[in-house]
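With mmCIF, C-alpha atoms and all ligand atoms inside, this is start.cif:
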data_work
loop_
_atom_site.label_atom_id
_atom_site.label_comp_id
_atom_site.auth_asym_id
_atom_site.auth_seq_id
_atom_site.Cartn_x
_atom_site.Cartn_y
_atom_site.Cartn_z
CA MET A 1 23.99 -15.18 -12.77
CA THR A 2 20.92 -14.18 -10.81
CA PHE A 3 18.52 -13.63 -13.71
CA VAL A 4 18.58 -16.75 -15.89
CA THR A 5 17.54 -16.05 -19.49
CA HIS A 6 19.02 -18.79 -21.65
CA SER A 7 17.99 -22.16 -20.36
CA PRO A 8 16.42 -25.39 -21.58
CA VAL A 9 13.89 -25.17 -18.76
CA TRP A 10 10.25 -24.72 -19.83
CA ARG A 11 8.65 -23.06 -16.85
CA PRO A 12 5.04 -23.49 -15.64
CA PHE A 13 2.40 -20.80 -16.33
CA THR A 14 5.06 -18.76 -18.13
CA GLN A 15 4.90 -17.07 -21.53
CA HIS A 16 8.59 -17.20 -22.36
CA ALA A 17 8.19 -14.55 -25.07
CA LEU A 18 7.01 -12.03 -22.45
CA GLN A 19 8.81 -13.42 -19.41
CA PRO A 20 12.22 -14.41 -20.77
CA GLY A 21 13.95 -14.87 -17.42
CA ALA A 22 13.68 -16.14 -13.89
CA TYR A 23 15.48 -15.24 -10.68
CA LYS A 24 17.85 -17.94 -9.54
CA ILE A 25 17.30 -18.59 -5.86
CA VAL A 26 20.05 -20.19 -3.80
CA HIS A 27 18.73 -19.93 -0.25
CA ALA A 28 15.39 -19.83 1.54
CA GLU A 29 14.66 -19.23 5.19
CA GLY A 30 11.52 -18.18 7.07
CA ALA A 31 9.61 -15.75 4.86
CA TRP A 32 12.59 -14.92 2.62
CA LEU A 33 14.25 -16.11 -0.58
CA ALA A 34 17.80 -15.08 -1.51
CA ALA A 35 19.16 -14.93 -5.06
CA GLU A 36 22.69 -15.71 -6.13
CA ASP A 37 23.80 -12.05 -6.02
CA GLY A 38 22.31 -11.55 -2.55
CA THR A 39 19.03 -9.94 -3.70
CA ARG A 40 16.29 -10.91 -1.25
CA PHE A 41 12.59 -11.47 -1.88
CA LEU A 42 9.86 -11.52 0.74
CA ASP A 43 7.84 -14.63 -0.14
CA ALA A 44 4.40 -13.05 0.30
CA ILE A 45 2.59 -15.92 -1.48
CA SER A 46 4.34 -18.79 0.33
CA SER A 47 5.97 -20.00 -2.91
CA TRP A 48 2.64 -20.71 -4.65
CA TRP A 49 0.75 -21.43 -1.44
CA VAL A 50 2.72 -24.43 -0.21
CA ILE A 51 4.94 -23.07 2.58
CA THR A 52 3.02 -22.89 5.83
CA HIS A 53 5.20 -22.28 8.93
CA GLY A 54 8.10 -20.81 6.93
CA HIS A 55 10.88 -22.00 4.64
CA ARG A 56 13.17 -24.72 5.99
CA ARG A 57 11.37 -25.19 9.28
CA PRO A 58 14.11 -26.93 11.33
CA GLU A 59 11.98 -29.83 12.70
CA ILE A 60 10.82 -30.73 9.17
CA MET A 61 14.33 -30.50 7.68
CA GLU A 62 15.65 -32.70 10.51
CA ALA A 63 12.91 -35.31 9.96
CA ILE A 64 13.78 -35.50 6.26
CA ARG A 65 17.49 -35.95 7.05
CA ARG A 66 16.69 -38.66 9.58
CA GLN A 67 14.34 -40.53 7.24
CA THR A 68 16.98 -40.72 4.48
CA GLU A 69 19.07 -42.87 6.82
CA SER A 70 16.64 -45.81 6.66
CA LEU A 71 14.25 -45.69 3.66
CA ASP A 72 14.08 -43.95 0.31
CA GLN A 73 11.16 -45.04 -1.89
CA ILE A 74 9.51 -48.44 -1.56
CA ILE A 75 6.60 -50.00 -3.41
CA PHE A 76 3.37 -49.34 -1.52
CA ALA A 77 1.22 -52.27 -2.66
CA GLY A 78 1.84 -55.38 -0.58
CA PHE A 79 4.42 -53.43 1.45
CA THR A 80 4.10 -50.57 3.88
CA HIS A 81 6.24 -48.54 6.26
CA GLU A 82 5.86 -46.83 9.60
CA PRO A 83 5.92 -43.20 8.37
CA ALA A 84 2.90 -43.89 6.11
CA GLU A 85 1.05 -45.88 8.81
CA ALA A 86 1.72 -43.29 11.52
CA LEU A 87 0.81 -40.38 9.26
CA ALA A 88 -2.49 -41.97 8.23
CA ARG A 89 -3.41 -42.57 11.89
CA ARG A 90 -2.52 -38.98 12.80
CA LEU A 91 -4.49 -37.55 9.83
CA VAL A 92 -7.58 -39.56 10.80
CA GLU A 93 -7.21 -38.12 14.32
CA ILE A 94 -6.82 -34.45 13.39
CA THR A 95 -9.35 -34.22 10.55
CA GLN A 96 -13.10 -34.10 11.14
CA THR A 97 -14.56 -37.29 12.59
CA GLY A 98 -15.62 -39.67 9.84
CA LEU A 99 -12.72 -39.30 7.42
CA ASP A 100 -11.43 -42.78 8.21
CA TYR A 101 -9.35 -43.80 5.18
CA VAL A 102 -6.27 -42.18 3.67
CA PHE A 103 -5.17 -42.66 0.05
CA TYR A 104 -1.69 -41.34 -0.74
CA SER A 105 -0.53 -39.59 -3.91
CA ASP A 106 1.87 -36.81 -4.76
CA SER A 107 0.18 -33.59 -5.90
CA GLY A 108 -3.00 -31.63 -5.42
CA SER A 109 -4.19 -32.42 -8.94
CA THR A 110 -3.68 -36.13 -8.36
CA SER A 111 -5.51 -36.02 -5.05
CA VAL A 112 -8.50 -34.49 -6.85
CA GLU A 113 -8.35 -37.04 -9.69
CA VAL A 114 -8.36 -39.73 -7.01
CA ALA A 115 -11.38 -38.11 -5.34
CA ILE A 116 -13.37 -38.06 -8.59
CA LYS A 117 -12.43 -41.67 -9.34
CA MET A 118 -13.41 -42.73 -5.80
CA ALA A 119 -16.81 -41.09 -6.26
CA LEU A 120 -17.53 -42.81 -9.57
CA GLY A 121 -16.23 -46.13 -8.25
CA TYR A 122 -18.49 -45.80 -5.19
CA TRP A 123 -21.63 -45.46 -7.31
CA ARG A 124 -20.67 -48.13 -9.82
CA HIS A 125 -19.80 -50.71 -7.16
CA ARG A 126 -23.08 -50.02 -5.36
CA GLY A 127 -24.80 -51.00 -8.60
CA GLU A 128 -26.27 -47.53 -9.22
CA PRO A 129 -23.82 -46.01 -11.68
CA ARG A 130 -23.69 -42.22 -11.56
CA ALA A 131 -21.13 -40.19 -13.47
CA ARG A 132 -22.23 -36.56 -13.33
CA VAL A 133 -19.97 -34.17 -11.43
CA ILE A 134 -21.22 -30.82 -10.13
CA ALA A 135 -18.67 -28.03 -9.66
CA MET A 136 -18.67 -24.30 -8.94
CA ALA A 137 -18.08 -21.43 -11.36
CA HIS A 138 -14.54 -19.96 -11.04
CA GLY A 139 -13.33 -23.15 -9.33
CA TYR A 140 -9.80 -24.46 -9.72
CA HIS A 141 -8.87 -28.06 -9.00
CA GLY A 142 -5.62 -28.61 -10.91
CA ASP A 143 -4.14 -28.88 -14.38
CA THR A 144 -4.67 -32.51 -15.39
CA VAL A 145 -7.48 -33.27 -17.83
CA GLY A 146 -9.92 -34.45 -15.17
CA THR A 147 -9.24 -31.58 -12.79
CA MET A 148 -9.36 -29.01 -15.61
CA SER A 149 -12.79 -30.43 -16.47
CA ALA A 150 -14.01 -29.72 -12.94
CA GLY A 151 -12.37 -26.28 -12.97
CA ALA A 152 -13.45 -23.09 -14.70
CA ARG A 153 -12.99 -22.88 -18.47
CA SER A 154 -10.63 -20.06 -19.38
CA VAL A 155 -7.70 -19.06 -21.55
CA PHE A 156 -5.62 -21.44 -19.43
CA ASN A 157 -7.35 -24.55 -20.73
CA ALA A 158 -8.92 -23.41 -24.03
CA PRO A 159 -6.68 -25.61 -26.24
CA TYR A 160 -7.70 -28.73 -24.32
CA GLU A 161 -11.41 -27.98 -24.18
CA PRO A 162 -12.29 -30.74 -26.69
CA LEU A 163 -10.95 -33.30 -24.22
CA LEU A 164 -12.62 -31.92 -21.09
CA PHE A 165 -15.69 -33.72 -19.79
CA ASP A 166 -18.88 -31.84 -19.14
CA VAL A 167 -19.80 -30.91 -15.57
CA ALA A 168 -22.86 -29.20 -14.11
CA ARG A 169 -21.82 -25.82 -12.76
CA VAL A 170 -23.45 -23.82 -9.98
CA PRO A 171 -22.82 -20.06 -9.86
CA PHE A 172 -20.34 -18.68 -7.32
CA PRO A 173 -22.33 -17.66 -4.19
CA GLN A 174 -21.90 -13.89 -4.37
CA ALA A 175 -22.80 -12.02 -1.20
CA GLY A 176 -26.57 -11.56 -1.18
CA LYS A 177 -27.12 -14.05 -4.01
CA GLU A 178 -26.29 -17.26 -2.15
CA GLN A 179 -29.79 -18.62 -2.67
CA GLU A 180 -29.19 -18.78 -6.45
CA THR A 181 -26.25 -21.10 -5.86
CA LEU A 182 -28.19 -23.25 -3.43
CA ASP A 183 -31.18 -23.50 -5.79
CA ALA A 184 -28.94 -24.47 -8.70
CA LEU A 185 -27.21 -27.09 -6.57
CA ASP A 186 -30.56 -28.47 -5.42
CA GLY A 187 -31.71 -28.72 -9.05
CA PHE A 188 -28.60 -30.56 -10.25
CA CYS A 189 -28.60 -32.89 -7.23
CA ARG A 190 -32.26 -33.75 -7.79
CA GLU A 191 -31.46 -34.75 -11.39
CA GLY A 192 -28.88 -37.15 -9.97
CA ALA A 193 -25.12 -36.72 -9.70
CA ALA A 194 -22.15 -38.68 -8.41
CA ALA A 195 -20.50 -35.82 -6.53
CA PHE A 196 -20.23 -32.10 -5.92
CA ILE A 197 -16.68 -30.78 -5.73
CA VAL A 198 -15.89 -27.42 -4.18
CA GLU A 199 -13.11 -25.36 -2.61
CA PRO A 200 -14.42 -24.58 0.90
CA LEU A 201 -14.80 -20.88 1.86
CA ILE A 202 -12.38 -19.47 -0.72
CA LEU A 203 -11.76 -20.09 -4.42
CA GLY A 204 -8.00 -19.70 -4.85
CA ALA A 205 -6.85 -19.51 -8.45
CA GLY A 206 -10.32 -18.26 -9.45
CA GLY A 207 -9.39 -14.94 -7.84
CA MET A 208 -9.39 -15.48 -4.06
CA LEU A 209 -13.20 -15.25 -3.97
CA THR A 210 -14.64 -15.80 -0.51
CA TYR A 211 -18.05 -17.01 0.63
CA GLY A 212 -19.58 -17.77 3.99
CA ALA A 213 -19.49 -20.85 6.19
CA ASP A 214 -23.32 -20.84 6.26
CA THR A 215 -23.41 -21.32 2.50
CA LEU A 216 -20.84 -24.10 2.73
CA ARG A 217 -22.93 -25.85 5.41
CA GLU A 218 -26.09 -25.42 3.36
CA MET A 219 -24.42 -26.87 0.23
CA LYS A 220 -23.37 -29.90 2.26
CA ARG A 221 -26.93 -30.32 3.56
CA ILE A 222 -28.36 -30.25 0.01
CA CYS A 223 -25.86 -32.90 -1.16
CA GLU A 224 -26.81 -35.07 1.82
CA LYS A 225 -30.51 -34.73 1.00
CA TYR A 226 -29.92 -36.37 -2.41
CA SER A 227 -26.98 -38.54 -1.27
CA VAL A 228 -24.65 -36.77 -3.70
CA LEU A 229 -21.06 -37.19 -2.45
CA PHE A 230 -19.50 -33.97 -1.16
CA ILE A 231 -15.84 -33.52 -2.15
CA ALA A 232 -13.93 -30.76 -0.32
CA ASP A 233 -10.87 -29.65 -2.27
CA GLU A 234 -8.80 -28.39 0.67
CA VAL A 235 -5.58 -28.45 -1.33
CA MET A 236 -5.08 -24.72 -0.74
CA THR A 237 -7.22 -24.16 2.35
CA GLY A 238 -5.82 -27.05 4.39
CA PHE A 239 -3.28 -26.63 7.18
CA GLY A 240 -4.22 -23.28 8.63
CA ARG A 241 -4.68 -20.99 5.63
CA THR A 242 -8.20 -19.91 6.55
CA GLY A 243 -7.44 -19.53 10.26
CA THR A 244 -8.58 -23.01 11.28
CA LEU A 245 -6.60 -26.17 10.55
CA PHE A 246 -9.14 -27.07 7.83
CA ALA A 247 -11.70 -24.76 6.24
CA CYS A 248 -14.57 -27.27 6.64
CA GLU A 249 -14.24 -26.96 10.43
CA GLN A 250 -15.68 -23.44 10.19
CA ALA A 251 -18.91 -24.81 8.74
CA ASP A 252 -18.88 -27.78 11.10
CA ILE A 253 -19.23 -30.23 8.21
CA VAL A 254 -17.55 -33.53 7.38
CA PRO A 255 -17.02 -33.97 3.65
CA ASP A 256 -17.42 -37.47 2.18
CA ILE A 257 -14.06 -37.05 0.46
CA ALA A 258 -11.36 -34.46 1.19
CA CYS A 259 -8.18 -33.56 -0.72
CA TYR A 260 -5.06 -32.18 0.97
CA SER A 261 -1.63 -31.46 -0.49
CA LYS A 262 -0.13 -27.97 -0.25
CA GLY A 263 0.97 -27.53 3.34
CA LEU A 264 0.79 -31.26 4.16
CA THR A 265 4.58 -31.41 4.53
CA GLY A 266 4.76 -27.75 5.54
CA GLY A 267 5.65 -27.18 1.89
CA ALA A 268 8.99 -28.97 2.02
CA VAL A 269 8.42 -31.93 -0.34
CA PRO A 270 5.53 -33.09 -2.54
CA LEU A 271 2.87 -35.30 -0.98
CA ALA A 272 -0.91 -35.51 -1.16
CA VAL A 273 -3.72 -37.44 0.44
CA THR A 274 -7.34 -38.08 -0.43
CA MET A 275 -9.31 -38.98 2.69
CA CYS A 276 -12.74 -40.53 2.61
CA LYS A 277 -15.56 -41.94 4.68
CA ARG A 278 -15.76 -45.64 5.42
CA LYS A 279 -18.69 -46.19 3.02
CA ILE A 280 -16.50 -45.23 0.05
CA PHE A 281 -13.76 -47.66 1.03
CA GLU A 282 -16.37 -50.34 1.72
CA ALA A 283 -17.99 -49.96 -1.71
CA HIS A 284 -14.62 -51.04 -3.15
CA TYR A 285 -14.23 -53.91 -0.67
CA ALA A 286 -15.27 -57.30 -2.05
CA PRO A 287 -13.76 -60.69 -2.92
CA ASP A 288 -13.59 -59.43 -6.49
CA ARG A 289 -10.46 -57.90 -7.96
CA ALA A 290 -12.52 -55.81 -10.38
CA ARG A 291 -13.79 -53.74 -7.45
CA ALA A 292 -10.33 -52.70 -6.22
CA PHE A 293 -9.47 -49.03 -6.45
CA PHE A 294 -7.25 -48.95 -9.52
CA HIS A 295 -5.06 -45.96 -8.94
CA SER A 296 -1.40 -45.59 -8.08
CA SER A 297 1.30 -42.96 -8.31
CA SER A 298 4.82 -44.37 -8.60
CA TYR A 299 5.80 -42.36 -5.54
CA THR A 300 2.72 -43.22 -3.49
CA ALA A 301 3.40 -42.57 0.23
CA ASN A 302 7.05 -41.70 -0.27
CA PRO A 303 8.65 -42.31 3.16
CA ILE A 304 10.61 -39.04 3.11
CA GLY A 305 7.44 -37.12 2.30
CA CYS A 306 5.54 -38.94 5.04
CA ALA A 307 8.32 -38.20 7.56
CA ALA A 308 8.18 -34.52 6.60
CA ALA A 309 4.38 -34.53 7.04
CA LEU A 310 4.66 -36.21 10.45
CA ALA A 311 7.14 -33.53 11.55
CA ASN A 312 4.70 -30.93 10.23
CA LEU A 313 1.92 -32.40 12.39
CA ASP A 314 4.29 -32.29 15.37
CA VAL A 315 4.80 -28.58 14.72
CA TRP A 316 1.01 -28.13 14.64
CA ALA A 317 0.70 -29.98 17.95
CA LYS A 318 2.69 -27.24 19.65
CA THR A 319 0.45 -24.43 20.79
CA ASP A 320 2.73 -21.72 19.40
CA ALA A 321 1.94 -22.84 15.82
CA ARG A 322 -1.75 -22.07 16.32
CA GLU A 323 -0.89 -18.86 18.17
CA ARG A 324 1.26 -17.73 15.27
CA VAL A 325 -1.59 -18.35 12.81
CA ALA A 326 -4.01 -16.47 15.08
CA ASN A 327 -1.56 -13.55 15.28
CA LEU A 328 -1.11 -13.48 11.52
CA CYS A 329 -4.91 -13.52 11.05
CA ALA A 330 -5.24 -10.56 13.43
CA MET A 331 -2.44 -8.64 11.70
CA GLN A 332 -4.02 -9.28 8.30
CA THR A 333 -7.49 -8.19 9.56
CA GLU A 334 -6.04 -4.91 10.76
CA ARG A 335 -4.18 -4.23 7.50
CA ALA A 336 -7.08 -5.27 5.27
CA ALA A 337 -9.28 -2.80 7.17
CA ARG A 338 -6.91 0.02 6.19
CA PHE A 339 -7.52 -0.70 2.51
CA ALA A 340 -11.25 -1.37 2.84
CA ARG A 341 -12.26 2.23 2.16
CA ASP A 342 -9.40 2.99 -0.26
CA PRO A 343 -11.09 4.13 -3.50
CA ARG A 344 -8.22 2.73 -5.61
CA PHE A 345 -9.31 -0.80 -4.72
CA SER A 346 -12.58 -2.67 -4.91
CA SER A 347 -13.82 -5.66 -2.94
CA VAL A 348 -11.11 -5.91 -0.31
CA ARG A 349 -11.58 -9.37 1.18
CA HIS A 350 -9.99 -11.25 3.96
CA LEU A 351 -10.16 -14.81 5.22
CA GLY A 352 -7.79 -16.14 7.85
CA THR A 353 -4.21 -15.51 6.75
CA ILE A 354 -5.24 -14.38 3.24
CA VAL A 355 -5.99 -10.84 2.05
CA ALA A 356 -7.03 -10.00 -1.52
CA LEU A 357 -7.88 -6.69 -3.18
CA ASP A 358 -8.83 -5.75 -6.73
CA LEU A 359 -6.87 -2.83 -8.13
CA LYS A 360 -8.92 -0.42 -10.24
CA ILE A 361 -6.71 0.07 -13.25
CA ALA A 362 -6.02 3.56 -14.63
CA GLN A 363 -5.32 2.89 -18.29
CA SER A 364 -7.08 0.19 -20.25
CA GLY A 365 -3.71 -0.36 -21.93
CA TYR A 366 -2.61 -2.18 -18.81
CA LEU A 367 -5.50 -4.62 -18.86
CA ALA A 368 -3.92 -7.38 -20.92
CA THR A 369 -0.61 -7.40 -19.10
CA ILE A 370 -1.54 -6.01 -15.69
CA SER A 371 -0.57 -9.11 -13.74
CA LEU A 372 2.84 -9.28 -15.47
CA ASP A 373 3.41 -5.53 -15.02
CA LEU A 374 2.50 -5.75 -11.34
CA MET A 375 4.63 -8.85 -10.83
CA ARG A 376 7.69 -7.10 -12.29
CA PHE A 377 6.97 -4.01 -10.21
CA PHE A 378 6.86 -6.07 -7.01
CA ASN A 379 9.88 -8.23 -7.92
CA ALA A 380 11.94 -5.08 -8.50
CA ARG A 381 11.07 -4.11 -4.91
CA GLY A 382 12.19 -7.39 -3.40
CA LEU A 383 8.73 -8.85 -3.12
CA LEU A 384 7.32 -12.13 -4.41
CA LEU A 385 3.69 -11.37 -5.28
CA ARG A 386 1.86 -12.89 -8.28
CA PRO A 387 -1.39 -11.02 -8.91
CA LEU A 388 -4.25 -12.86 -10.59
CA GLY A 389 -5.14 -10.26 -13.23
CA PRO A 390 -5.82 -7.06 -11.26
CA THR A 391 -6.35 -9.04 -8.03
CA ILE A 392 -3.43 -8.55 -5.69
CA TYR A 393 -3.38 -11.03 -2.84
CA MET A 394 -1.16 -11.83 0.10
CA LEU A 395 -0.85 -15.38 1.36
CA PRO A 396 2.26 -15.26 3.55
CA PRO A 397 3.96 -18.01 5.55
CA TYR A 398 2.81 -18.07 9.18
CA CYS A 399 6.19 -16.85 10.45
CA ALA A 400 5.74 -13.46 8.71
CA THR A 401 6.08 -10.54 11.12
CA GLY A 402 4.05 -7.32 11.17
CA GLY A 403 7.09 -5.49 9.80
CA GLU A 404 7.36 -7.92 6.89
CA LEU A 405 3.65 -7.56 6.09
CA ASP A 406 4.07 -3.79 6.15
CA LEU A 407 6.84 -4.00 3.55
CA ALA A 408 4.44 -5.80 1.24
CA TYR A 409 1.52 -3.44 1.91
CA ALA A 410 3.75 -0.41 1.31
CA ALA A 411 4.65 -1.85 -2.11
CA ILE A 412 0.96 -2.53 -2.84
CA ASP A 413 0.20 1.10 -1.95
CA GLU A 414 2.99 2.23 -4.28
CA ALA A 415 1.67 -0.03 -7.06
CA ALA A 416 -1.78 1.55 -6.68
CA ARG A 417 -0.18 4.98 -7.17
CA GLU A 418 1.61 3.72 -10.29
CA PHE A 419 -1.13 1.65 -11.94
CA GLY A 420 -4.33 2.55 -10.10
CA GLY A 421 -7.24 4.72 -11.24
C1 LIG A 501 -3.06 -25.89 -6.24
C2 LIG A 501 -4.39 -26.49 -6.22
C3 LIG A 501 -4.64 -27.73 -6.80
C4 LIG A 501 -3.60 -28.48 -7.60
O1 LIG A 501 -2.51 -28.84 -6.82
P1 LIG A 501 -1.11 -29.22 -7.52
O2 LIG A 501 -0.27 -29.73 -6.41
O3 LIG A 501 -0.60 -27.94 -8.12
O4 LIG A 501 -1.41 -30.23 -8.56
C5 LIG A 501 -5.90 -28.28 -6.67
N1 LIG A 501 -6.87 -27.64 -6.00
C6 LIG A 501 -6.68 -26.44 -5.42
C7 LIG A 501 -7.79 -25.80 -4.67
C8 LIG A 501 -5.43 -25.81 -5.52
O5 LIG A 501 -5.24 -24.60 -4.98
#

What would the structure in this file look like if it were written as structure tokens?
Amino acid sequence: MTFVTHSPVWRPFTQHALQPGAYKIVHAEGAWLAAEDGTRFLDAISSWWVITHGHRRPEIMEAIRRQTESLDQIIFAGFTHEPAEALARRLVEITQTGLDYVFYSDSGSTSVEVAIKMALGYWRHRGEPRARVIAMAHGYHGDTVGTMSAGARSVFNAPYEPLLFDVARVPFPQAGKEQETLDALDGFCREGAAAFIVEPLILGAGGMLTYGADTLREMKRICEKYSVLFIADEVMTGFGRTGTLFACEQADIVPDIACYSKGLTGGAVPLAVTMCKRKIFEAHYAPDRARAFFHSSSYTANPIGCAAALANLDVWAKTDARERVANLCAMQTERAARFARDPRFSSVRHLGTIVALDLKIAQSGYLATISLDLMRFFNARGLLLRPLGPTIYMLPPYCATGGELDLAYAAIDEAAREFGG
């Protein structure tokens, strides 16, 4: 059965009363998913932003197979293994100079929790405890209690609000109003804070909101002025999404702490890292057990995950990987331009491989369910798109061809005729 309706599975971000079923996928390759009955879906959002080069990239699949012949999971305290050692060395090499230490975990949320804990540990162990976190309006950093606290408050976390800790929040730097963000950040930093956490250049789940590299650089400069730690949440932006390997490269900044997860293994298996500057590691370094960094995931540095990530870095080392990203960026620029003056959409935006447009909705009756209505509309046309409210965005795997993008844009055009105002 291709559309599974009766199942004990409780799915994520799903209202089962409105979305009673799910398509059962049996095969994935390149930019495509295939269901049991042969129905195909173009994966225009890279399976929730994790797939980078394409599904089942052969080098990564082969590395996973090979790794299973020698190691499965081993404890990572007191013991280590070559895939984790080699991957850490390679990550230090390819990230911006200064990110010298690599802490392993297994999801984006965890990598952010680790970053926040590192920041608080840093200040405490220096003997100047600071606990305030500054974040940005509309930010998203994960779904655990700590990361929800740093993220925007919304219907998604309303029931848990009593548990969320308070953060200082700067406004999103809207075009032309960047100074308001910078002034707010300066004010909060001056009052004293442990860290500022931000998604560089584009806020993903907050609606694919983009801002400039100049603003990012300026925010980093303000944090430096007050020695507030700068945490870059590159969980979505890492590994090519914004056109460069990492978004921070475009602002020529080195964060004090950086989080990477989606795309680290090319999307094949879960793995995450939190990288940091030497001073943060050194603040935890002392002949005193109490100053150790007390965090561990059971599956820390899983060897199969590390092998997949190493194979992913090998793919990136080939020039055609970067060429493919550059081509996809150019194809997306061209297609975004076509919609830029389309009166059915507002604020068409584009950054690297990502395009987002806000559909002006015809009937207010659609408002509450627009994202579900659009999702169904696209699914029925063999397309995996998951609008965020009325924001339709494309975030395809890097192997997507111009023809495949056109299929998706044709469906978006059709959706605008159906739902647009
Ligand atoms: C997806 C995401 C996370 C959370 O990652 P998970 O692996 O889903 O826990 C954190 N930050 C950003 C910017 C993300 O896009």

Kindly extract all protein, DNA and RNA residues lying within 7 Å of the coordinates (-20.9, -45.3, -8.9) given in the file, considering all atoms listed in the file, and supply them as an MDAnalysis selection string. chainID A and resid 119:131 194

May I have the residues from that selection written out with C-alpha atoms, as a short mmCIF file (atom, residue, chain, number, x, y, z; two decimals), keeping the file's coordinate frame?
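The result, stored in again39.cif:
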data_model
loop_
_atom_site.label_atom_id
_atom_site.label_comp_id
_atom_site.auth_asym_id
_atom_site.auth_seq_id
_atom_site.Cartn_x
_atom_site.Cartn_y
_atom_site.Cartn_z
CA ALA A 119 -16.81 -41.09 -6.26
CA LEU A 120 -17.53 -42.81 -9.57
CA GLY A 121 -16.23 -46.13 -8.25
CA TYR A 122 -18.49 -45.80 -5.19
CA TRP A 123 -21.63 -45.46 -7.31
CA ARG A 124 -20.67 -48.13 -9.82
CA HIS A 125 -19.80 -50.71 -7.16
CA ARG A 126 -23.08 -50.02 -5.36
CA GLY A 127 -24.80 -51.00 -8.60
CA GLU A 128 -26.27 -47.53 -9.22
CA PRO A 129 -23.82 -46.01 -11.68
CA ARG A 130 -23.69 -42.22 -11.56
CA ALA A 131 -21.13 -40.19 -13.47
CA ALA A 194 -22.15 -38.68 -8.41
#

Which neighbours of Gly389 of chain A fall inside 9 Å, counting all atoms listed in the file, when residues of the same chain fewer than 5 positions from it are skipped, and could you give them as a PyMOL selection string? chain A and resi 207+358+367-372

Need the shell around segment 9-21 of chain A: protein/DNA/RNA residues with any atom at most 9 Å away, counting only C-alpha atoms. Skip same-chain ones fewer than 4 positions apart. Format as a tab-separated table (two decimals) with C-alpha atoms, keeping the file's coordinate frame?
chain	number	residue	atom	x	y	z
A	3	PHE	CA	18.52	-13.63	-13.71
A	4	VAL	CA	18.58	-16.75	-15.89
A	5	THR	CA	17.54	-16.05	-19.49
A	156	PHE	CA	-5.62	-21.44	-19.43
A	372	LEU	CA	2.84	-9.28	-15.47

Can you list every residue of chain A that has an atom at most 10 Å from ligand LIG 501 (chain A), with its nearest atom pair and the distance in Å to one decimal, using all atoms listed in the file, ordered by chain then number, as a Markdown table?
| residue | atom | partner | partner_atom | distance |
| --- | --- | --- | --- | --- |
| A:Trp48 | CA | A:LIG501 | C1 | 7.9 |
| A:Trp49 | CA | A:LIG501 | C1 | 7.6 |
| A:Val50 | CA | A:LIG501 | C1 | 8.5 |
| A:Asp106 | CA | A:LIG501 | O2 | 7.6 |
| A:Ser107 | CA | A:LIG501 | O2 | 3.9 |
| A:Gly108 | CA | A:LIG501 | O1 | 3.2 |
| A:Ser109 | CA | A:LIG501 | O4 | 3.6 |
| A:Thr110 | CA | A:LIG501 | O4 | 6.3 |
| A:Ser111 | CA | A:LIG501 | O4 | 7.9 |
| A:Val112 | CA | A:LIG501 | C5 | 6.7 |
| A:Glu113 | CA | A:LIG501 | C5 | 9.6 |
| A:Gly139 | CA | A:LIG501 | C7 | 7.7 |
| A:Tyr140 | CA | A:LIG501 | C7 | 5.6 |
| A:His141 | CA | A:LIG501 | N1 | 3.6 |
| A:Gly142 | CA | A:LIG501 | C4 | 3.9 |
| A:Asp143 | CA | A:LIG501 | O4 | 6.6 |
| A:Thr144 | CA | A:LIG501 | O4 | 7.9 |
| A:Thr147 | CA | A:LIG501 | C5 | 7.7 |
| A:Met148 | CA | A:LIG501 | C5 | 9.6 |
| A:Gly151 | CA | A:LIG501 | N1 | 9.0 |
| A:Val198 | CA | A:LIG501 | C7 | 8.3 |
| A:Glu199 | CA | A:LIG501 | C7 | 5.7 |
| A:Pro200 | CA | A:LIG501 | C7 | 8.7 |
| A:Ile202 | CA | A:LIG501 | C7 | 8.8 |
| A:Leu203 | CA | A:LIG501 | C7 | 7.0 |
| A:Gly204 | CA | A:LIG501 | O5 | 5.6 |
| A:Ala205 | CA | A:LIG501 | O5 | 6.4 |
| A:Gly206 | CA | A:LIG501 | O5 | 9.3 |
| A:Ala232 | CA | A:LIG501 | C7 | 9.0 |
| A:Asp233 | CA | A:LIG501 | C7 | 5.5 |
| A:Glu234 | CA | A:LIG501 | C7 | 6.0 |
| A:Val235 | CA | A:LIG501 | C6 | 4.7 |
| A:Met236 | CA | A:LIG501 | O5 | 4.2 |
| A:Thr237 | CA | A:LIG501 | C7 | 7.2 |
| A:Gly238 | CA | A:LIG501 | C7 | 9.4 |
| A:Cys259 | CA | A:LIG501 | N1 | 8.0 |
| A:Tyr260 | CA | A:LIG501 | N1 | 8.5 |
| A:Ser261 | CA | A:LIG501 | O2 | 6.3 |
| A:Lys262 | CA | A:LIG501 | O2 | 6.4 |
| A:Pro270 | CA | A:LIG501 | O2 | 7.7 |
| A:Leu271 | CA | A:LIG501 | O2 | 8.4 |
| A:Ala272 | CA | A:LIG501 | O2 | 7.8 |

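Closest to Val269 of chain A among A:Gly146, A:Pro287, A:Gly305, A:Gly240 is A:Gly305, based on only C-alpha atoms.
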
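Atom CA of Phe103 of chain A to atom CA of Val254 of chain A spans 17.0 Å [interatomic distance, one decimal].
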
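Picture a line from atom CA of Leu42 of chain A to atom CA of Gly352 of chain A; it runs 19.6 Å.
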
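Residues surrounding Ala84 of chain A within 10 Å are A:Phe76, A:Arg89, A:Arg90, A:Val102, A:Tyr104, A:Thr300, A:Ala301, A:Asn302, A:Pro303, A:Ile304, A:Gly305, A:Cys306, A:Ala307, A:Ala309, A:Leu310 [only C-alpha atoms; sequence separation below 5 positions excluded].
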